[in-house]
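Containing compact mmCIF, C-alpha atoms and all ligand atoms: model_33.txt.
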```txt
# COMPACT_ATOMS: atom_id res chain seq x y z
CA MET A 1 133.04 35.28 67.47
CA ALA A 2 133.68 36.80 64.11
CA ILE A 3 135.10 40.27 63.60
CA GLU A 4 132.40 42.55 62.27
CA PHE A 5 132.57 44.34 58.93
CA PRO A 6 131.37 47.76 60.10
CA LYS A 7 128.77 49.75 58.25
CA LEU A 8 130.09 52.75 56.36
CA PRO A 9 129.05 55.82 58.43
CA TYR A 10 127.73 57.68 55.35
CA ASP A 11 126.56 57.01 51.80
CA MET A 12 129.12 55.90 49.20
CA ASP A 13 128.93 59.24 47.41
CA ALA A 14 128.73 61.42 50.54
CA LEU A 15 132.40 62.48 50.52
CA SER A 16 132.49 63.30 46.81
CA PRO A 17 134.33 65.01 45.19
CA VAL A 18 137.13 64.69 47.78
CA ILE A 19 136.72 60.92 48.02
CA THR A 20 134.69 59.74 45.05
CA LYS A 21 132.03 57.04 45.09
CA GLU A 22 134.24 54.89 42.85
CA ILE A 23 137.14 55.05 45.31
CA ILE A 24 134.92 54.11 48.25
CA GLU A 25 133.28 51.27 46.34
CA TYR A 26 136.69 49.66 45.85
CA HIS A 27 138.28 50.77 49.10
CA TYR A 28 135.43 49.81 51.42
CA ASN A 29 133.71 46.95 49.59
CA LYS A 30 136.86 45.26 48.31
CA HIS A 31 139.93 46.20 50.34
CA HIS A 32 138.44 46.77 53.77
CA LYS A 33 136.08 43.81 53.47
CA ALA A 34 138.96 41.54 52.42
CA TYR A 35 140.92 42.45 55.56
CA VAL A 36 137.92 41.57 57.72
CA ASP A 37 137.20 38.35 55.82
CA ASN A 38 140.86 37.29 55.96
CA THR A 39 141.00 37.99 59.70
CA ASN A 40 137.94 35.85 60.30
CA ARG A 41 139.32 33.04 58.16
CA LEU A 42 142.65 33.12 60.01
CA ILE A 43 141.17 33.16 63.54
CA SER A 44 138.62 30.41 62.88
CA GLY A 45 139.26 27.47 65.20
CA THR A 46 142.27 29.15 66.88
CA GLU A 47 142.94 30.74 70.26
CA PHE A 48 142.24 34.13 68.63
CA GLU A 49 138.64 33.24 67.82
CA ASP A 50 137.08 34.82 70.91
CA MET A 51 139.44 37.78 71.23
CA THR A 52 138.53 41.37 70.53
CA LEU A 53 140.09 42.90 67.43
CA ASN A 54 142.36 44.93 69.73
CA ASP A 55 143.66 41.81 71.46
CA ILE A 56 144.15 39.97 68.18
CA ILE A 57 146.35 42.85 67.00
CA LEU A 58 148.37 42.85 70.22
CA ASN A 59 148.92 39.09 70.23
CA SER A 60 149.47 38.17 66.58
CA ASP A 61 152.06 38.54 63.88
CA GLY A 62 152.44 37.77 60.19
CA ALA A 63 149.33 37.54 58.04
CA LEU A 64 146.90 37.66 60.94
CA PHE A 65 148.46 40.81 62.36
CA ASN A 66 148.48 42.47 58.94
CA ASN A 67 144.83 41.72 58.23
CA ALA A 68 143.55 42.46 61.75
CA ALA A 69 145.46 45.74 61.98
CA GLN A 70 144.20 46.76 58.55
CA ALA A 71 140.64 45.93 59.66
CA PHE A 72 141.05 48.31 62.61
CA ASN A 73 142.88 50.98 60.61
CA HIS A 74 140.18 51.12 57.95
CA GLU A 75 137.26 51.20 60.38
CA PHE A 76 139.01 54.10 62.10
CA TYR A 77 139.80 55.87 58.81
CA TRP A 78 136.16 56.04 57.69
CA LEU A 79 135.25 57.67 60.99
CA CYS A 80 137.90 60.35 60.53
CA MET A 81 135.98 61.87 57.61
CA THR A 82 132.60 63.52 57.43
CA PRO A 83 130.36 64.90 54.67
CA ASP A 84 129.56 67.77 57.05
CA PRO A 85 132.90 69.08 58.34
CA LYS A 86 132.82 71.57 61.18
CA PRO A 87 135.54 73.86 62.54
CA ILE A 88 137.84 72.26 65.04
CA ASN A 89 136.64 72.41 68.63
CA LYS A 90 138.48 75.18 70.53
CA LYS A 91 139.80 72.91 73.26
CA MET A 92 141.08 70.38 70.71
CA LYS A 93 142.78 73.23 68.90
CA ASP A 94 144.32 74.40 72.19
CA LEU A 95 145.77 70.93 72.71
CA ILE A 96 147.21 70.91 69.19
CA GLU A 97 148.71 74.37 69.75
CA ARG A 98 150.23 73.14 73.02
CA ASP A 99 152.14 70.37 71.24
CA PHE A 100 152.72 71.76 67.73
CA GLY A 101 152.94 75.52 68.29
CA SER A 102 150.01 76.37 66.01
CA PHE A 103 147.27 74.62 64.10
CA ASP A 104 148.93 75.62 60.83
CA ASP A 105 152.23 74.09 61.96
CA PHE A 106 150.38 70.89 62.87
CA LYS A 107 148.61 70.81 59.51
CA GLU A 108 151.84 71.39 57.60
CA GLU A 109 153.67 68.63 59.50
CA PHE A 110 150.79 66.16 59.09
CA ILE A 111 150.52 66.75 55.34
CA GLN A 112 154.30 66.63 54.90
CA LYS A 113 154.61 63.34 56.81
CA ALA A 114 151.65 61.78 55.02
CA ALA A 115 152.97 62.86 51.63
CA THR A 116 156.51 61.59 52.23
CA LEU A 117 155.76 58.23 53.84
CA PHE A 118 157.68 55.82 51.65
CA GLY A 119 155.53 53.12 50.07
CA SER A 120 152.17 52.16 51.58
CA GLY A 121 150.99 53.08 55.03
CA TRP A 122 149.22 55.49 57.33
CA CYS A 123 149.86 58.90 58.83
CA TRP A 124 148.48 59.21 62.38
CA LEU A 125 147.81 61.78 65.04
CA GLU A 126 148.28 59.88 68.31
CA LEU A 127 148.33 60.53 72.01
CA ASN A 128 151.44 58.80 73.32
CA VAL A 129 151.93 57.28 76.77
CA ASP A 130 153.19 60.65 78.04
CA GLU A 131 149.87 62.23 76.98
CA LYS A 132 151.59 64.19 74.23
CA LEU A 133 150.19 64.55 70.73
CA ILE A 134 152.52 63.17 68.05
CA ILE A 135 152.31 62.64 64.29
CA THR A 136 153.62 59.28 63.10
CA GLN A 137 154.35 57.62 59.79
CA ARG A 138 153.40 53.95 60.03
CA SER A 139 154.18 51.60 57.15
CA ASN A 140 151.90 48.93 55.73
CA ALA A 141 149.49 47.73 58.44
CA ASP A 142 151.28 49.33 61.39
CA THR A 143 148.93 50.84 63.97
CA PRO A 144 149.21 52.91 67.20
CA ILE A 145 147.64 50.01 69.14
CA ILE A 146 150.94 48.14 69.26
CA ASP A 147 152.59 51.06 71.08
CA HIS A 148 149.60 51.50 73.42
CA HIS A 149 149.04 54.94 71.96
CA LYS A 150 145.55 56.37 71.62
CA ALA A 151 144.64 56.82 67.95
CA LEU A 152 143.08 60.22 67.27
CA LEU A 153 143.20 60.71 63.48
CA THR A 154 144.54 58.84 60.48
CA CYS A 155 145.00 59.29 56.75
CA ASP A 156 145.33 56.19 54.59
CA VAL A 157 148.11 56.76 52.06
CA TRP A 158 148.01 53.35 50.41
CA GLU A 159 147.53 54.00 46.70
CA HIS A 160 144.14 52.26 46.78
CA ALA A 161 142.90 55.19 48.92
CA TYR A 162 143.38 57.80 46.20
CA TYR A 163 144.85 56.52 42.94
CA LEU A 164 141.56 56.19 41.01
CA GLU A 165 140.99 59.94 41.35
CA TYR A 166 144.33 61.54 42.19
CA LYS A 167 146.70 59.19 40.35
CA ASN A 168 150.26 59.88 41.56
CA GLU A 169 149.32 63.19 43.26
CA ARG A 170 149.29 61.89 46.82
CA LYS A 171 149.83 65.33 48.35
CA ARG A 172 146.80 66.76 46.54
CA TYR A 173 144.70 63.90 47.94
CA ILE A 174 145.95 64.60 51.48
CA GLU A 175 145.30 68.34 51.20
CA SER A 176 141.74 67.66 50.00
CA TRP A 177 141.23 64.97 52.64
CA PHE A 178 142.27 67.42 55.36
CA GLU A 179 139.24 69.59 54.52
CA ILE A 180 136.80 66.79 55.40
CA VAL A 181 138.34 65.69 58.71
CA ASP A 182 135.74 65.09 61.39
CA TRP A 183 137.26 67.05 64.28
CA ASP A 184 134.39 66.04 66.56
CA PHE A 185 135.50 62.43 66.09
CA VAL A 186 139.10 63.38 66.88
CA ALA A 187 137.98 65.09 70.09
CA SER A 188 135.77 62.12 71.00
CA ASN A 189 138.84 59.88 70.96
CA ILE A 190 140.42 62.06 73.65
CA VAL A 191 137.27 61.61 75.72
CA ASP A 192 137.45 57.83 75.18
CA TYR A 193 141.03 57.90 76.39
CA TYR A 194 139.93 59.60 79.56
CA HIS A 195 137.23 57.01 80.16
CA ASP A 196 139.78 54.23 79.67
CA LEU A 197 142.09 55.82 82.21
CA THR A 198 139.58 56.98 84.80
CA GLU A 199 141.34 54.96 87.47
CA VAL A 200 144.75 56.41 86.82
CA CYS A 201 143.95 59.88 85.51
CA ARG A 202 146.20 62.20 87.43
CA GLN A 203 144.55 64.94 89.40
CA ASN A 204 145.18 68.40 87.99
CA SER A 205 146.74 67.06 84.81
CA GLU A 206 146.26 69.39 81.89
CA LEU A 207 144.69 66.63 79.84
CA CYS A 208 142.16 65.76 82.52
CA ASP A 209 141.20 69.43 82.84
CA TYR A 210 140.68 69.50 79.10
CA ILE A 211 138.51 66.39 79.21
CA ASP A 212 136.41 67.86 82.00
CA GLU A 213 135.80 70.94 79.88
CA LEU A 214 134.93 68.85 76.82
CA GLN A 215 132.47 66.77 78.80
CA ASN A 216 130.93 69.88 80.35
CA GLN A 217 130.53 71.35 76.86
CA ASN A 218 128.84 68.17 75.67
CA GLU A 219 126.44 68.21 78.63
CA VAL A 220 125.59 71.85 77.97
CA ASN A 221 125.03 71.16 74.27
CA SER A 222 122.98 68.01 74.73
FE FE A 301 143.11 51.43 52.65
```
Go through the file and emit its structure as structure tokens.
Ligand SMILES: [Fe+2]
Amino acid sequence: MAIEFPKLPYDMDALSPVITKEIIEYHYNKHHKAYVDNTNRLISGTEFEDMTLNDIILNSDGALFNNAAQAFNHEFYWLCMTPDPKPINKKMKDLIERDFGSFDDFKEEFIQKAATLFGSGWCWLELNVDEKLIITQRSNADTPIIDHHKALLTCDVWEHAYYLEYKNERKRYIESWFEIVDWDFVASNIVDYYHDLTEVCRQNSELCDYIDELQNQNEVNS
């Protein structure tokens, strides 16, 4: 069972001028596709062949881990951006304020960590095993999956993500990128987390209350 090269969730020029068509043509068609193709080449005829991408990442190392993790990271990255950004959902903002003090403090910390990550890598917003939101710098292909954290948001700070347009101005790329974050996608990842943990979700936990409210909102809106 081959790993799928996912369809880009918008047109190549949909995120322009923040992420230009030229950047996406290289980043998606060349870099992302190569990680998927390499993963499929490396799992062919091995015990990894019928595993999910998640399980490949958890059970591999070396070249296979690097390519499989990058396949996941990139699929997730495209979903974190939208050509039609909306204000952050109030409950998601409440959760961010709970763990970072204010949305502005969160934004400042995220941009600072993304801008100062040494070399190539990813800046993530994750829900850790204690159900706390954290911002992490992860080098190269590193991914929250290996720590059993729930990925909520990521910014790719490999140079191939921005250099064609922003050159060495990584921080300017991150600040522009922040304006096209799909906060509905971020919130949906919290809902996914709840579904994954239905059996163990603690009664009266603050997170579960939040999820209930999010789901109620979705039912009202749908
Ligand atoms: Fe990338």
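With only C-alpha atoms and all ligand atoms as the basis for measurement, A:Gly121 is the residue among A:Pro144, A:Gly62, A:Pro9, A:Gly121 that approaches ligand FE 301 (chain A) most closely.
Take the candidates A:Leu8, A:Ala161, A:Ile19, A:Cys155 and check each one against ligand FE 301 (chain A) using all atoms listed in the file; the shortest distance goes to A:Ala161.
The smallest atom-to-atom distance between Ser16 (chain A) and any of A:Ser120, A:Ser176, A:Asn73, A:Thr52, using only C-alpha atoms, is found for A:Ser176.
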Taking only C-alpha atoms and all ligand atoms into account, name the residue in A:Phe48, A:Tyr35, A:Trp158, A:Phe178 that is nearest to ligand FE 301 (chain A).
A:Trp158
Which chains and residue numbers are within 10 Å of ligand FE 301 (chain A), counting only C-alpha atoms and all ligand atoms, if I want them as a VMD selection string?
chain A and resid 24 26 to 28 30 to 32 35 70 to 71 73 to 75 77 to 78 120 to 122 140 to 141 155 to 162
Just C-alpha atoms for this one: save the residues we selected as a PDB file, keeping the file's coordinate frame.
```
ATOM      1  CA  ILE A  24     134.920  54.110  48.250  1.00  0.00           C
ATOM      2  CA  TYR A  26     136.690  49.660  45.850  1.00  0.00           C
ATOM      3  CA  HIS A  27     138.280  50.770  49.100  1.00  0.00           C
ATOM      4  CA  TYR A  28     135.430  49.810  51.420  1.00  0.00           C
ATOM      5  CA  LYS A  30     136.860  45.260  48.310  1.00  0.00           C
ATOM      6  CA  HIS A  31     139.930  46.200  50.340  1.00  0.00           C
ATOM      7  CA  HIS A  32     138.440  46.770  53.770  1.00  0.00           C
ATOM      8  CA  TYR A  35     140.920  42.450  55.560  1.00  0.00           C
ATOM      9  CA  GLN A  70     144.200  46.760  58.550  1.00  0.00           C
ATOM     10  CA  ALA A  71     140.640  45.930  59.660  1.00  0.00           C
ATOM     11  CA  ASN A  73     142.880  50.980  60.610  1.00  0.00           C
ATOM     12  CA  HIS A  74     140.180  51.120  57.950  1.00  0.00           C
ATOM     13  CA  GLU A  75     137.260  51.200  60.380  1.00  0.00           C
ATOM     14  CA  TYR A  77     139.800  55.870  58.810  1.00  0.00           C
ATOM     15  CA  TRP A  78     136.160  56.040  57.690  1.00  0.00           C
ATOM     16  CA  SER A 120     152.170  52.160  51.580  1.00  0.00           C
ATOM     17  CA  GLY A 121     150.990  53.080  55.030  1.00  0.00           C
ATOM     18  CA  TRP A 122     149.220  55.490  57.330  1.00  0.00           C
ATOM     19  CA  ASN A 140     151.900  48.930  55.730  1.00  0.00           C
ATOM     20  CA  ALA A 141     149.490  47.730  58.440  1.00  0.00           C
ATOM     21  CA  CYS A 155     145.000  59.290  56.750  1.00  0.00           C
ATOM     22  CA  ASP A 156     145.330  56.190  54.590  1.00  0.00           C
ATOM     23  CA  VAL A 157     148.110  56.760  52.060  1.00  0.00           C
ATOM     24  CA  TRP A 158     148.010  53.350  50.410  1.00  0.00           C
ATOM     25  CA  GLU A 159     147.530  54.000  46.700  1.00  0.00           C
ATOM     26  CA  HIS A 160     144.140  52.260  46.780  1.00  0.00           C
ATOM     27  CA  ALA A 161     142.900  55.190  48.920  1.00  0.00           C
ATOM     28  CA  TYR A 162     143.380  57.800  46.200  1.00  0.00           C
TER      29      TYR A 162
END
```
Calculate how many Å separate CA of Ile3 (chain A) from CA of Thr39 (chain A), rounding to one decimal.
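These two atoms are separated by 7.4 Å.
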May I ask which of the residues A:Leu42, A:Leu95, A:Gly101, A:Thr116 is the closest one to Asp61 (chain A), counting only C-alpha atoms?
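Between A:Leu42, A:Leu95, A:Gly101, A:Thr116, the residue approaching Asp61 (chain A) most closely is A:Leu42.
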Using all atoms listed in the file for the distances, tell me which of A:Trp183, A:Trp124, A:Tyr193, A:Tyr210 is nearest to Asn89 (chain A).
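Comparing A:Trp183, A:Trp124, A:Tyr193, A:Tyr210 against Asn89 (chain A), the winner is A:Trp183.
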Separation of CA of Asp209 (chain A) from CA of Thr154 (chain A) in Å:
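Pair CA of Thr154 (chain A) / CA of Asp209 (chain A) returns 25.0 Å.
Going from CA of Asn66 (chain A) to CA of Ile146 (chain A) covers 12.0 Å.
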For a cut-off of 10 Å around (139.9, 68.0, 56.4), file coordinates, pick out all residues using all atoms listed in the file and list them as a PDB file with C-alpha atoms, keeping the file's coordinate frame.
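And here is the file that came out, result_38.pdb:
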```
ATOM      1  CA  VAL A  18     137.130  64.690  47.780  1.00  0.00           C
ATOM      2  CA  CYS A  80     137.900  60.350  60.530  1.00  0.00           C
ATOM      3  CA  MET A  81     135.980  61.870  57.610  1.00  0.00           C
ATOM      4  CA  THR A  82     132.600  63.520  57.430  1.00  0.00           C
ATOM      5  CA  PRO A  85     132.900  69.080  58.340  1.00  0.00           C
ATOM      6  CA  LYS A  86     132.820  71.570  61.180  1.00  0.00           C
ATOM      7  CA  PRO A  87     135.540  73.860  62.540  1.00  0.00           C
ATOM      8  CA  ILE A  88     137.840  72.260  65.040  1.00  0.00           C
ATOM      9  CA  LYS A 107     148.610  70.810  59.510  1.00  0.00           C
ATOM     10  CA  ILE A 174     145.950  64.600  51.480  1.00  0.00           C
ATOM     11  CA  GLU A 175     145.300  68.340  51.200  1.00  0.00           C
ATOM     12  CA  SER A 176     141.740  67.660  50.000  1.00  0.00           C
ATOM     13  CA  TRP A 177     141.230  64.970  52.640  1.00  0.00           C
ATOM     14  CA  PHE A 178     142.270  67.420  55.360  1.00  0.00           C
ATOM     15  CA  GLU A 179     139.240  69.590  54.520  1.00  0.00           C
ATOM     16  CA  ILE A 180     136.800  66.790  55.400  1.00  0.00           C
ATOM     17  CA  VAL A 181     138.340  65.690  58.710  1.00  0.00           C
ATOM     18  CA  ASP A 182     135.740  65.090  61.390  1.00  0.00           C
ATOM     19  CA  TRP A 183     137.260  67.050  64.280  1.00  0.00           C
TER      20      TRP A 183
END
```
For Lys91 (chain A), find every residue with an atom within 12 Å (counting all atoms listed in the file), except residues of its own chain fewer than 4 positions away, and show them as a PDB file with C-alpha atoms, in the frame of the given file.
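Result file is selection.pdb:
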```
ATOM      1  CA  PRO A  87     135.540  73.860  62.540  1.00  0.00           C
ATOM      2  CA  LEU A  95     145.770  70.930  72.710  1.00  0.00           C
ATOM      3  CA  ILE A  96     147.210  70.910  69.190  1.00  0.00           C
ATOM      4  CA  GLU A  97     148.710  74.370  69.750  1.00  0.00           C
ATOM      5  CA  ARG A  98     150.230  73.140  73.020  1.00  0.00           C
ATOM      6  CA  PHE A 103     147.270  74.620  64.100  1.00  0.00           C
ATOM      7  CA  TRP A 183     137.260  67.050  64.280  1.00  0.00           C
ATOM      8  CA  ASP A 184     134.390  66.040  66.560  1.00  0.00           C
ATOM      9  CA  VAL A 186     139.100  63.380  66.880  1.00  0.00           C
ATOM     10  CA  ALA A 187     137.980  65.090  70.090  1.00  0.00           C
ATOM     11  CA  SER A 188     135.770  62.120  71.000  1.00  0.00           C
ATOM     12  CA  ILE A 190     140.420  62.060  73.650  1.00  0.00           C
ATOM     13  CA  VAL A 191     137.270  61.610  75.720  1.00  0.00           C
ATOM     14  CA  GLU A 206     146.260  69.390  81.890  1.00  0.00           C
ATOM     15  CA  LEU A 207     144.690  66.630  79.840  1.00  0.00           C
ATOM     16  CA  CYS A 208     142.160  65.760  82.520  1.00  0.00           C
ATOM     17  CA  ASP A 209     141.200  69.430  82.840  1.00  0.00           C
ATOM     18  CA  TYR A 210     140.680  69.500  79.100  1.00  0.00           C
ATOM     19  CA  ILE A 211     138.510  66.390  79.210  1.00  0.00           C
ATOM     20  CA  ASP A 212     136.410  67.860  82.000  1.00  0.00           C
ATOM     21  CA  GLU A 213     135.800  70.940  79.880  1.00  0.00           C
ATOM     22  CA  LEU A 214     134.930  68.850  76.820  1.00  0.00           C
ATOM     23  CA  GLN A 215     132.470  66.770  78.800  1.00  0.00           C
ATOM     24  CA  ASN A 216     130.930  69.880  80.350  1.00  0.00           C
ATOM     25  CA  GLN A 217     130.530  71.350  76.860  1.00  0.00           C
TER      26      GLN A 217
END
```
Got a sec: who's within 8 Å of Thr136 (chain A), counting all atoms listed in the file, leaving out chain neighbours fewer than 3 positions off, as a list in words?
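Here the answer would be Lys113, Cys123, Trp124, Leu125 and Glu126 of chain A.
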